[in-house]
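Raw contents of protein-v6.txt, compact mmCIF, C-alpha atoms and all ligand atoms:
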```txt
# COMPACT_ATOMS: atom_id res chain seq x y z
CA MET A 1 107.58 86.67 70.22
CA ALA A 2 108.16 87.35 73.94
CA LYS A 3 109.35 90.83 74.87
CA ARG A 4 112.89 90.96 76.26
CA ALA A 5 113.64 93.00 79.39
CA LEU A 6 116.96 93.87 80.99
CA ILE A 7 116.98 94.68 84.73
CA THR A 8 119.98 96.25 86.43
CA GLY A 9 119.81 95.73 90.20
CA ILE A 10 117.84 92.48 89.77
CA THR A 11 119.19 91.11 93.07
CA GLY A 12 117.68 94.01 95.06
CA GLN A 13 114.22 94.38 96.57
CA ASP A 14 112.59 95.99 93.52
CA GLY A 15 114.55 94.01 90.96
CA SER A 16 113.37 90.72 92.43
CA TYR A 17 109.68 91.70 92.38
CA LEU A 18 110.00 93.20 88.91
CA ALA A 19 111.64 90.04 87.54
CA GLU A 20 108.79 88.02 89.04
CA LEU A 21 106.16 90.32 87.52
CA LEU A 22 107.74 90.34 84.06
CA LEU A 23 108.09 86.54 84.05
CA LEU A 24 104.39 86.28 84.98
CA LYS A 25 103.66 88.55 82.00
CA GLY A 26 105.58 86.26 79.65
CA TYR A 27 108.77 88.33 79.20
CA GLU A 28 112.24 86.93 78.66
CA VAL A 29 114.16 88.51 81.55
CA HIS A 30 117.88 89.32 81.70
CA GLY A 31 119.51 90.60 84.87
CA ILE A 32 122.89 92.14 85.64
CA ILE A 33 124.48 90.86 88.83
CA ARG A 34 127.74 91.75 90.55
CA ARG A 35 130.30 89.12 91.29
CA ALA A 36 130.49 88.74 95.10
CA SER A 37 132.52 86.39 97.27
CA THR A 38 129.27 85.02 98.68
CA VAL A 39 125.98 84.30 96.93
CA ASN A 40 123.95 87.50 96.42
CA THR A 41 120.97 86.06 94.52
CA ARG A 42 118.89 85.10 97.59
CA ARG A 43 115.90 87.20 96.47
CA ILE A 44 115.66 85.69 92.98
CA ASP A 45 116.77 82.07 93.47
CA HIS A 46 113.13 80.94 93.69
CA LEU A 47 112.51 82.21 90.16
CA TYR A 48 114.74 79.51 88.69
CA VAL A 49 112.39 76.81 89.98
CA ASP A 50 109.17 78.67 89.31
CA PRO A 51 106.15 76.50 88.37
CA HIS A 52 105.54 78.84 85.43
CA GLU A 53 108.75 77.40 83.90
CA SER A 54 110.45 80.75 84.08
CA ALA A 55 113.83 79.05 84.35
CA VAL A 56 114.25 79.02 80.60
CA ARG A 57 113.30 82.72 80.39
CA LEU A 58 115.57 84.11 83.12
CA PHE A 59 119.22 84.87 82.30
CA MET A 60 121.94 86.39 84.50
CA HIS A 61 125.01 88.33 83.33
CA TYR A 62 127.91 89.61 85.39
CA GLY A 63 128.39 93.36 85.25
CA ASP A 64 128.85 96.50 87.31
CA MET A 65 127.56 100.05 86.80
CA VAL A 66 131.09 101.38 87.12
CA ASP A 67 132.22 99.33 84.07
CA GLY A 68 131.08 101.12 80.92
CA SER A 69 132.63 98.77 78.37
CA ARG A 70 130.82 95.84 79.94
CA MET A 71 127.53 97.77 79.66
CA SER A 72 128.14 98.32 75.95
CA VAL A 73 128.85 94.63 75.33
CA LEU A 74 125.78 93.52 77.30
CA LEU A 75 123.39 95.94 75.62
CA SER A 76 124.66 94.99 72.13
CA GLU A 77 124.36 91.27 72.87
CA ILE A 78 121.04 91.21 74.73
CA ARG A 79 119.28 93.88 72.60
CA PRO A 80 116.39 94.31 75.05
CA ASP A 81 113.01 95.89 74.26
CA GLU A 82 112.82 97.41 77.74
CA VAL A 83 115.57 98.38 80.20
CA TYR A 84 114.73 98.85 83.87
CA HIS A 85 117.68 100.61 85.50
CA LEU A 86 117.40 99.89 89.23
CA ALA A 87 121.06 99.35 90.22
CA SER A 88 122.34 101.91 92.70
CA GLN A 89 124.22 102.40 95.94
CA SER A 90 120.81 103.03 97.45
CA HIS A 91 121.51 103.74 101.13
CA VAL A 92 121.33 107.44 102.05
CA ARG A 93 123.39 107.18 105.25
CA VAL A 94 126.10 105.14 103.50
CA SER A 95 126.29 107.76 100.71
CA PHE A 96 127.79 110.21 103.24
CA ASP A 97 130.58 107.68 103.92
CA GLU A 98 131.09 106.81 100.24
CA PRO A 99 130.12 109.93 98.27
CA GLU A 100 132.50 109.38 95.37
CA TYR A 101 131.52 105.75 94.83
CA THR A 102 127.82 106.67 95.14
CA ALA A 103 128.18 109.36 92.47
CA ASN A 104 130.06 106.94 90.23
CA ALA A 105 127.69 103.97 90.49
CA THR A 106 124.42 105.88 90.84
CA GLY A 107 125.07 108.99 88.76
CA LEU A 108 127.66 108.08 86.10
CA GLY A 109 126.32 104.50 85.99
CA THR A 110 123.12 105.85 84.44
CA ILE A 111 124.95 107.77 81.72
CA ARG A 112 127.07 104.68 80.93
CA LEU A 113 123.89 102.67 80.40
CA LEU A 114 122.15 105.34 78.32
CA GLU A 115 125.26 105.74 76.15
CA ALA A 116 125.47 101.97 75.66
CA ILE A 117 121.84 101.99 74.43
CA ARG A 118 122.44 104.97 72.16
CA GLN A 119 125.65 103.64 70.64
CA ALA A 120 124.11 100.21 70.00
CA ARG A 121 121.27 102.09 68.19
CA LEU A 122 118.69 100.17 70.21
CA ASP A 123 115.04 101.05 69.84
CA CYS A 124 114.26 100.23 73.47
CA ARG A 125 112.32 101.83 76.31
CA PHE A 126 114.26 102.94 79.38
CA TYR A 127 113.16 103.27 83.02
CA GLN A 128 115.24 105.28 85.51
CA ALA A 129 114.78 104.64 89.25
CA SER A 130 114.51 108.22 90.49
CA THR A 131 113.61 109.00 94.07
CA SER A 132 111.75 111.32 96.41
CA GLU A 133 115.14 111.89 98.09
CA MET A 134 115.81 114.35 95.21
CA PHE A 135 113.21 116.71 96.74
CA GLY A 136 115.26 116.91 99.94
CA SER A 137 114.27 120.05 101.82
CA SER A 138 111.34 121.04 99.56
CA ALA A 139 108.14 121.04 101.61
CA PRO A 140 105.52 118.30 101.09
CA PRO A 141 103.38 117.32 99.32
CA GLN A 142 105.92 116.81 96.52
CA ASN A 143 104.99 116.16 92.87
CA GLU A 144 106.70 116.11 89.46
CA ASP A 145 107.03 119.94 89.47
CA THR A 146 108.54 120.29 92.96
CA LEU A 147 112.04 121.81 93.17
CA PHE A 148 114.89 119.34 93.70
CA GLN A 149 116.86 120.30 96.85
CA PRO A 150 118.78 117.10 97.64
CA GLN A 151 120.34 116.73 101.08
CA SER A 152 122.72 113.81 100.53
CA PRO A 153 125.34 112.54 98.07
CA TYR A 154 122.79 109.88 97.13
CA GLY A 155 120.18 112.57 96.40
CA THR A 156 122.57 114.65 94.28
CA ALA A 157 123.69 111.57 92.30
CA LYS A 158 120.04 110.71 91.61
CA VAL A 159 119.31 114.28 90.45
CA PHE A 160 122.18 113.91 87.96
CA ALA A 161 120.79 110.58 86.73
CA HIS A 162 117.25 111.99 86.54
CA CYS A 163 118.28 115.05 84.51
CA THR A 164 120.47 112.90 82.26
CA THR A 165 117.51 110.62 81.50
CA LYS A 166 115.37 113.65 80.58
CA ASN A 167 118.19 114.97 78.40
CA TYR A 168 118.47 111.69 76.45
CA ARG A 169 114.70 111.78 75.91
CA GLU A 170 114.80 115.34 74.61
CA ALA A 171 118.10 115.25 72.71
CA TYR A 172 117.85 111.81 71.08
CA GLY A 173 114.11 111.13 71.14
CA MET A 174 114.59 108.09 73.38
CA PHE A 175 111.59 106.59 75.15
CA ALA A 176 113.17 107.30 78.55
CA CYS A 177 111.07 107.73 81.72
CA SER A 178 111.88 108.38 85.35
CA GLY A 179 109.71 107.04 88.13
CA ILE A 180 110.10 109.35 91.14
CA LEU A 181 109.32 106.75 93.75
CA PHE A 182 108.67 107.48 97.39
CA ASN A 183 109.77 104.94 99.99
CA HIS A 184 108.45 101.46 99.29
CA GLU A 185 109.05 98.48 101.48
CA SER A 186 108.36 94.76 101.80
CA PRO A 187 109.61 91.58 103.47
CA ARG A 188 112.45 91.71 100.90
CA ARG A 189 113.61 95.18 102.01
CA GLY A 190 117.31 95.41 102.92
CA GLU A 191 117.84 94.89 106.63
CA THR A 192 119.49 98.28 107.27
CA PHE A 193 116.62 100.44 105.98
CA VAL A 194 114.51 101.70 108.84
CA THR A 195 111.27 99.75 108.28
CA ARG A 196 112.94 96.37 107.96
CA LYS A 197 115.32 97.14 110.80
CA ILE A 198 112.25 97.75 112.97
CA THR A 199 110.20 94.73 111.89
CA ARG A 200 113.16 92.35 112.28
CA ALA A 201 113.83 93.75 115.73
CA VAL A 202 110.17 93.37 116.72
CA ALA A 203 110.27 89.68 115.74
CA ARG A 204 113.49 89.12 117.71
CA ILE A 205 112.34 91.05 120.79
CA LYS A 206 109.01 89.20 120.80
CA ALA A 207 110.92 85.89 120.64
CA GLY A 208 113.08 86.96 123.60
CA LEU A 209 116.28 87.06 121.51
CA ASP A 210 116.89 90.81 121.94
CA GLU A 211 115.80 93.45 124.40
CA HIS A 212 116.55 96.78 122.73
CA LEU A 213 116.47 98.50 119.33
CA TRP A 214 118.85 101.41 118.69
CA MET A 215 117.51 104.19 116.45
CA GLY A 216 118.41 107.61 114.99
CA ASN A 217 115.94 110.38 114.11
CA ILE A 218 112.45 108.99 114.74
CA ASP A 219 110.71 112.31 113.97
CA ALA A 220 111.36 111.96 110.21
CA VAL A 221 108.22 111.62 108.08
CA ARG A 222 108.08 109.21 105.13
CA ASP A 223 105.41 108.01 102.71
CA TRP A 224 105.74 104.22 102.90
CA GLY A 225 104.08 102.03 100.26
CA TYR A 226 104.29 98.34 99.29
CA ALA A 227 107.09 97.53 96.80
CA PRO A 228 105.19 95.06 94.53
CA GLU A 229 102.67 97.79 93.68
CA TYR A 230 105.49 100.19 92.78
CA VAL A 231 107.25 97.80 90.41
CA GLU A 232 103.92 97.30 88.64
CA GLY A 233 103.91 101.09 88.24
CA MET A 234 107.39 100.94 86.65
CA TRP A 235 106.10 98.46 84.07
CA ARG A 236 103.03 100.60 83.34
CA MET A 237 105.27 103.64 82.80
CA LEU A 238 107.04 101.85 79.95
CA GLN A 239 103.73 100.75 78.35
CA ALA A 240 102.43 104.33 78.04
CA ASP A 241 101.97 105.98 74.62
CA GLU A 242 104.46 108.76 75.42
CA PRO A 243 107.48 108.85 77.75
CA ASP A 244 107.15 111.04 80.84
CA ASP A 245 108.19 111.24 84.51
CA TYR A 246 105.80 110.14 87.28
CA VAL A 247 105.64 110.27 91.06
CA LEU A 248 104.56 107.01 92.73
CA ALA A 249 103.51 107.38 96.38
CA THR A 250 100.59 106.64 98.68
CA GLY A 251 100.02 110.30 99.58
CA ASP A 252 100.09 109.47 103.32
CA GLY A 253 102.85 110.66 105.67
CA CYS A 254 103.91 108.74 108.78
CA THR A 255 106.71 109.37 111.29
CA VAL A 256 109.31 106.72 112.10
CA ARG A 257 107.92 106.98 115.66
CA ASP A 258 104.42 105.97 114.41
CA PHE A 259 105.89 103.11 112.39
CA LEU A 260 107.65 101.91 115.54
CA ALA A 261 104.42 102.13 117.57
CA MET A 262 102.43 100.17 114.96
CA ALA A 263 105.10 97.47 114.60
CA PHE A 264 105.47 96.83 118.34
CA ASP A 265 101.71 97.06 118.81
CA ALA A 266 101.25 94.31 116.20
CA VAL A 267 102.82 91.84 118.68
CA GLY A 268 101.37 93.40 121.85
CA LEU A 269 104.54 95.23 122.96
CA ASP A 270 105.10 98.85 124.05
CA TRP A 271 107.79 100.38 121.78
CA GLU A 272 108.91 102.95 124.37
CA ARG A 273 110.18 100.16 126.65
CA HIS A 274 112.49 98.77 123.96
CA VAL A 275 113.71 101.65 121.76
CA ARG A 276 116.91 103.55 122.55
CA PHE A 277 118.60 106.51 120.82
CA ASP A 278 121.97 106.08 119.10
CA GLU A 279 123.51 109.14 117.45
CA ARG A 280 125.48 106.96 115.03
CA TYR A 281 122.26 106.58 113.01
CA LEU A 282 121.88 110.34 112.49
CA ARG A 283 122.84 111.86 109.12
CA PRO A 284 124.99 114.99 108.54
CA SER A 285 121.89 116.49 106.88
CA GLU A 286 118.44 114.98 107.13
CA VAL A 287 115.36 115.02 104.91
CA GLY A 288 112.59 115.85 107.36
CA SER A 289 109.41 115.10 105.46
CA LEU A 290 108.58 113.30 102.21
CA ILE A 291 104.91 112.90 101.27
CA GLY A 292 104.12 112.32 97.61
CA ASP A 293 101.30 113.44 95.37
CA PRO A 294 100.75 110.62 92.83
CA SER A 295 97.89 112.37 90.95
CA ARG A 296 99.62 112.32 87.56
CA ALA A 297 100.04 108.51 87.58
CA LYS A 298 96.49 108.09 88.85
CA VAL A 299 95.01 110.25 86.11
CA ALA A 300 97.27 108.85 83.36
CA TRP A 301 96.90 105.14 84.00
CA GLY A 302 94.77 104.68 87.13
CA TRP A 303 97.67 103.75 89.41
CA ASP A 304 96.29 103.75 92.97
CA PRO A 305 98.08 101.71 95.64
CA LEU A 306 95.93 99.36 97.74
CA VAL A 307 98.37 98.78 100.62
CA ARG A 308 98.79 101.67 103.06
CA THR A 309 101.40 101.94 105.81
CA PRO A 310 99.39 100.26 108.64
CA GLU A 311 98.80 97.13 106.50
CA LEU A 312 102.39 97.22 105.25
CA VAL A 313 103.60 97.12 108.87
CA LYS A 314 101.56 93.96 109.50
CA ILE A 315 102.80 92.26 106.29
CA MET A 316 106.43 92.96 107.26
CA VAL A 317 106.13 92.02 110.96
CA ASN A 318 104.35 88.75 110.10
CA ALA A 319 106.98 87.90 107.48
CA ASP A 320 109.84 88.51 109.92
CA ILE A 321 108.18 86.39 112.61
CA LEU A 322 107.72 83.58 110.06
CA ALA A 323 111.34 83.86 108.90
CA LEU A 324 112.59 83.67 112.49
CA GLU A 325 110.38 80.69 113.32
CA SER A 326 111.54 78.86 110.18
CA GLY A 327 115.15 79.45 111.15
CA GLY A 328 116.14 81.36 108.03
CA HIS A 329 115.24 83.00 104.80
CA VAL A 330 111.63 82.67 103.56
CA ILE A 331 110.64 84.19 100.23
CA ASP A 332 107.29 85.98 100.37
CA ARG A 333 104.61 85.94 97.69
CA PRO A 334 103.27 89.47 97.18
CA GLU A 335 99.95 89.93 98.98
CA LEU A 336 98.14 91.26 95.90
CA PRO A 337 95.64 89.90 93.40
CA GLY A 338 97.38 88.31 90.42
CA TRP A 339 100.71 87.61 92.13
CA ALA A 340 99.94 84.29 93.87
P1 LIG B 1 118.35 97.71 96.81
O1 LIG B 1 117.52 96.63 97.41
O2 LIG B 1 119.41 98.35 97.61
O3 LIG B 1 119.02 97.07 95.47
C1 LIG B 1 120.02 97.75 94.79
C2 LIG B 1 120.49 96.88 93.63
O4 LIG B 1 121.53 97.56 92.94
C3 LIG B 1 121.06 95.53 94.06
O5 LIG B 1 120.71 94.55 93.11
C4 LIG B 1 122.57 95.78 94.02
O6 LIG B 1 123.34 94.63 93.82
C5 LIG B 1 122.64 96.66 92.79
N1 LIG B 1 123.88 97.45 92.72
C6 LIG B 1 124.39 98.31 93.64
N2 LIG B 1 125.53 98.85 93.19
C7 LIG B 1 125.76 98.31 91.96
C8 LIG B 1 126.78 98.46 90.99
N3 LIG B 1 127.83 99.27 91.19
N4 LIG B 1 126.70 97.74 89.84
C9 LIG B 1 125.65 96.90 89.62
N5 LIG B 1 124.66 96.71 90.50
C10 LIG B 1 124.71 97.41 91.67
O7 LIG B 1 117.42 98.85 96.23
P2 LIG B 1 115.84 98.86 95.93
O8 LIG B 1 115.13 99.26 97.18
O9 LIG B 1 115.47 97.61 95.24
O10 LIG B 1 115.73 100.12 94.95
C11 LIG B 1 115.86 99.93 93.54
C12 LIG B 1 116.25 101.28 92.92
O11 LIG B 1 115.23 102.23 93.20
C13 LIG B 1 117.53 101.90 93.43
O12 LIG B 1 118.13 102.60 92.37
C14 LIG B 1 117.08 102.87 94.50
O13 LIG B 1 118.02 103.90 94.65
C15 LIG B 1 115.79 103.35 93.89
N6 LIG B 1 114.74 103.80 94.82
C16 LIG B 1 114.35 103.00 95.86
C17 LIG B 1 113.32 103.41 96.69
C18 LIG B 1 112.82 102.53 97.83
O14 LIG B 1 112.12 103.06 98.70
N7 LIG B 1 113.12 101.24 97.83
C19 LIG B 1 112.69 104.63 96.46
C20 LIG B 1 113.11 105.40 95.38
C21 LIG B 1 114.13 104.97 94.56
P3 LIG B 1 123.87 93.71 95.07
O15 LIG B 1 122.71 92.81 95.42
O16 LIG B 1 125.03 92.99 94.48
O17 LIG B 1 124.22 94.65 96.18
O1 LIG B 2 114.86 103.69 105.71
P1 LIG B 2 115.78 104.83 105.46
O2 LIG B 2 117.23 104.55 105.52
O3 LIG B 2 115.33 105.41 104.04
P2 LIG B 2 115.58 106.81 103.32
O4 LIG B 2 116.75 107.51 103.84
O5 LIG B 2 114.27 107.53 103.30
O6 LIG B 2 115.94 106.30 101.84
C1 LIG B 2 115.17 105.29 101.21
O7 LIG B 2 114.10 105.89 100.53
C2 LIG B 2 114.49 106.73 99.42
C3 LIG B 2 113.20 107.30 98.83
O8 LIG B 2 112.88 108.50 99.50
C4 LIG B 2 115.25 105.88 98.44
F1 LIG B 2 115.58 106.62 97.34
C5 LIG B 2 116.50 105.33 99.09
O9 LIG B 2 117.17 104.50 98.16
C6 LIG B 2 116.08 104.49 100.28
O10 LIG B 2 115.37 103.38 99.80
O11 LIG B 2 115.46 106.01 106.47
C7 LIG B 2 114.18 106.54 106.61
C8 LIG B 2 114.18 107.55 107.77
C9 LIG B 2 115.32 108.58 107.67
O12 LIG B 2 114.81 109.85 107.98
C10 LIG B 2 116.31 108.15 108.75
O13 LIG B 2 117.09 109.20 109.30
O14 LIG B 2 114.40 106.85 109.00
C11 LIG B 2 115.35 107.57 109.77
N1 LIG B 2 116.01 106.65 110.71
C12 LIG B 2 115.93 106.75 112.06
N2 LIG B 2 116.65 105.77 112.64
C13 LIG B 2 116.77 105.59 110.40
C14 LIG B 2 117.19 105.03 111.62
N3 LIG B 2 117.15 105.08 109.20
C15 LIG B 2 117.93 103.96 109.21
N4 LIG B 2 118.27 103.40 108.02
N5 LIG B 2 118.36 103.38 110.38
C16 LIG B 2 118.02 103.91 111.61
O15 LIG B 2 118.41 103.37 112.65
```
Using structure tokens, write down the structure from this file.
Amino acid sequence: MAKRALITGITGQDGSYLAELLLLKGYEVHGIIRRASTVNTRRIDHLYVDPHESAVRLFMHYGDMVDGSRMSVLLSEIRPDEVYHLASQSHVRVSFDEPEYTANATGLGTIRLLEAIRQARLDCRFYQASTSEMFGSSAPPQNEDTLFQPQSPYGTAKVFAHCTTKNYREAYGMFACSGILFNHESPRRGETFVTRKITRAVARIKAGLDEHLWMGNIDAVRDWGYAPEYVEGMWRMLQADEPDDYVLATGDGCTVRDFLAMAFDAVGLDWERHVRFDERYLRPSEVGSLIGDPSRAKVAWGWDPLVRTPELVKIMVNADILALESGGHVIDRPELPGWA
């Protein structure tokens, strides 16, 4: 019988790739979506008409991480074998504007889900979407033993969720894992995260539609990988013999400035002629440098990402040029063996 997976945050970047991957692997996939006044399923609509006949194996349910009773009903009804908890208010800058909501959805949301699993007495495996943002001001390279020193309401909410997941593993013997993922990007990345903001702007400036791009702190260092490889790592984490926490990262650091230079260079433009500073994009406290050490995942199950930041930049710039030329939304196929 097919395994049954539940994905919270299925409409997001990672949720959409993960749903695709699990359908390719033969899973029955259930996703929780929020009711919105406009359609918010743009990243997963193509999965309903997939040639692998996934339509009959993909099911959507309305729900929200702030609604605990709904979580209980859904977990009891769906009774999944694996739960991938990806739903979160995931924007660091926005978390300073909405700290209470971020803590509720991202922090308490995780405990609501874990309690729903526990009270339904489900024997299921649980994945928590932890983040390098939890390391905050700890110096790189960061690994599973690095001190958490979060610098944002988002980071503190994720530390709460991370520690709660570990506590449910230790207290109740649940197969609960946290993937501490460093930044991972793709053509499906939300438009207000820095990489996608840059690659969209490059496409528009190249086409003559815009002249300038307004940016905040371009000295920040991040470790940018390719999202489809990271969701494959999430799946592998839940197939392991024992539950544990793992860092997923490329191990390479790159400044926002270097990302800008590579993205503009990809279309033959000089970034310094087009980029302007806007203090509105600064944060009350900033995480200066995140560079991960993914050795544990590499040793445990050979996870070793193929796509490094320079290639990622090209994938994203090309996808945004294509989307602009086609006059709208184009869904990418991950540029990896086995995903075509
Ligand atoms: P994303 O694109 O922003 O997607 C977030 C998802 O969460 C969306 O499906 C969103 O639904 C859903 N969501 C937000 N608030 C919710 C709520 N109150 N109830 C139910 N659903 C809610 O994020 P992502 O990049 O795919 O990241 C996936 C997860 O990994 C997140 O938890 C993020 O914090 C974490 N993470 C991401 C990275 C990264 O670099 N991408 C790194 C480390 C950790 P709508 O579509 O309705 O908004
Ligand atoms: O793309 P960002 O907004 O990502 P950030 O803050 O690193 O968070 C992302 O990665 C985390 C993993 O470490 C995830 F947990 C989280 O959910 C999210 O996916 O910003 C990256 C860097 C920051 O230092 C920011 O200050 O880029 C800098 N930046 C400079 N100008 C900008 C801008 N960021 C944004 N979003 N917009 C700017 O104009």
Please give me, as a list in words, the residues lying within 6 Å of ligand LIG 1 (chain B) when counting only C-alpha atoms and all ligand atoms. Gly9, Ile10, Thr11, Gly12, Gln13, Asp14, Gly15, Arg34, Asn40, Asp64, Met65, Val66, Leu86, Ala87, Ser88, Gln89, Ser90, Ala105, Ala129, Ser130, Thr131, Leu181, Phe182, Asn183, His184 and Gly190 of chain A
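Proximity to Thr195 in chain A was assessed for A:Leu209, A:Ala120, A:Met316, A:Leu147 counting all atoms listed in the file; the smallest distance is recorded for A:Met316.
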What gap, in Å, lies between CA of Arg93 in chain A and CA of Asn167 in chain A? 28.4 Å
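Across the structure, CA of Arg4 in chain A and CA of Ala36 in chain A are spaced 25.9 Å apart.
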CA of Asp293 in chain A to CA of Gly251 in chain A: how many Å, to one decimal? 5.4 Å
Model the absent atoms of range 285-292 of chain A so that all heavy atoms are present, and write the result as a PDB file, in the frame of the given file.
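Full text of selection_6.pdb as output:
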```pdb
ATOM      1  N   SER A 285     123.065 115.657 107.164  1.00  0.00           N
ATOM      2  CA  SER A 285     121.890 116.490 106.880  1.00  0.00           C
ATOM      3  C   SER A 285     120.736 115.530 106.612  1.00  0.00           C
ATOM      4  O   SER A 285     120.929 114.493 105.967  1.00  0.00           O
ATOM      5  CB  SER A 285     122.117 117.447 105.704  1.00  0.00           C
ATOM      6  OG  SER A 285     122.628 116.754 104.603  1.00  0.00           O
ATOM      7  N   GLU A 286     119.586 115.892 107.134  1.00  0.00           N
ATOM      8  CA  GLU A 286     118.440 114.980 107.130  1.00  0.00           C
ATOM      9  C   GLU A 286     117.325 115.525 106.253  1.00  0.00           C
ATOM     10  O   GLU A 286     117.163 116.743 106.119  1.00  0.00           O
ATOM     11  CB  GLU A 286     117.942 114.815 108.583  1.00  0.00           C
ATOM     12  CG  GLU A 286     116.620 114.066 108.783  1.00  0.00           C
ATOM     13  CD  GLU A 286     116.664 112.566 108.467  1.00  0.00           C
ATOM     14  OE1 GLU A 286     116.924 112.215 107.309  1.00  0.00           O
ATOM     15  OE2 GLU A 286     116.424 111.767 109.401  1.00  0.00           O
ATOM     16  N   VAL A 287     116.583 114.637 105.636  1.00  0.00           N
ATOM     17  CA  VAL A 287     115.360 115.020 104.910  1.00  0.00           C
ATOM     18  C   VAL A 287     114.203 114.806 105.883  1.00  0.00           C
ATOM     19  O   VAL A 287     113.900 113.678 106.270  1.00  0.00           O
ATOM     20  CB  VAL A 287     115.213 114.163 103.631  1.00  0.00           C
ATOM     21  CG1 VAL A 287     113.852 114.406 102.996  1.00  0.00           C
ATOM     22  CG2 VAL A 287     116.324 114.500 102.651  1.00  0.00           C
ATOM     23  N   GLY A 288     113.577 115.915 106.273  1.00  0.00           N
ATOM     24  CA  GLY A 288     112.590 115.850 107.360  1.00  0.00           C
ATOM     25  C   GLY A 288     111.275 115.226 106.979  1.00  0.00           C
ATOM     26  O   GLY A 288     110.710 114.426 107.733  1.00  0.00           O
ATOM     27  N   SER A 289     110.767 115.547 105.774  1.00  0.00           N
ATOM     28  CA  SER A 289     109.410 115.100 105.460  1.00  0.00           C
ATOM     29  C   SER A 289     109.218 114.880 103.966  1.00  0.00           C
ATOM     30  O   SER A 289     109.368 115.799 103.161  1.00  0.00           O
ATOM     31  CB  SER A 289     108.413 116.162 105.968  1.00  0.00           C
ATOM     32  OG  SER A 289     107.097 115.687 105.822  1.00  0.00           O
ATOM     33  N   LEU A 290     108.869 113.656 103.600  1.00  0.00           N
ATOM     34  CA  LEU A 290     108.580 113.300 102.210  1.00  0.00           C
ATOM     35  C   LEU A 290     107.181 112.705 102.147  1.00  0.00           C
ATOM     36  O   LEU A 290     106.933 111.644 102.728  1.00  0.00           O
ATOM     37  CB  LEU A 290     109.612 112.296 101.688  1.00  0.00           C
ATOM     38  CG  LEU A 290     111.049 112.791 101.537  1.00  0.00           C
ATOM     39  CD1 LEU A 290     111.995 111.653 101.159  1.00  0.00           C
ATOM     40  CD2 LEU A 290     111.140 113.920 100.509  1.00  0.00           C
ATOM     41  N   ILE A 291     106.278 113.411 101.469  1.00  0.00           N
ATOM     42  CA  ILE A 291     104.910 112.900 101.270  1.00  0.00           C
ATOM     43  C   ILE A 291     104.551 113.193  99.809  1.00  0.00           C
ATOM     44  O   ILE A 291     104.526 114.353  99.385  1.00  0.00           O
ATOM     45  CB  ILE A 291     103.894 113.590 102.204  1.00  0.00           C
ATOM     46  CG1 ILE A 291     104.338 113.496 103.674  1.00  0.00           C
ATOM     47  CG2 ILE A 291     102.505 112.969 102.023  1.00  0.00           C
ATOM     48  CD1 ILE A 291     103.495 114.332 104.626  1.00  0.00           C
ATOM     49  N   GLY A 292     104.285 112.154  99.056  1.00  0.00           N
ATOM     50  CA  GLY A 292     104.120 112.320  97.610  1.00  0.00           C
ATOM     51  C   GLY A 292     102.691 112.599  97.181  1.00  0.00           C
ATOM     52  O   GLY A 292     101.735 112.229  97.856  1.00  0.00           O
TER      53      GLY A 292
END
```
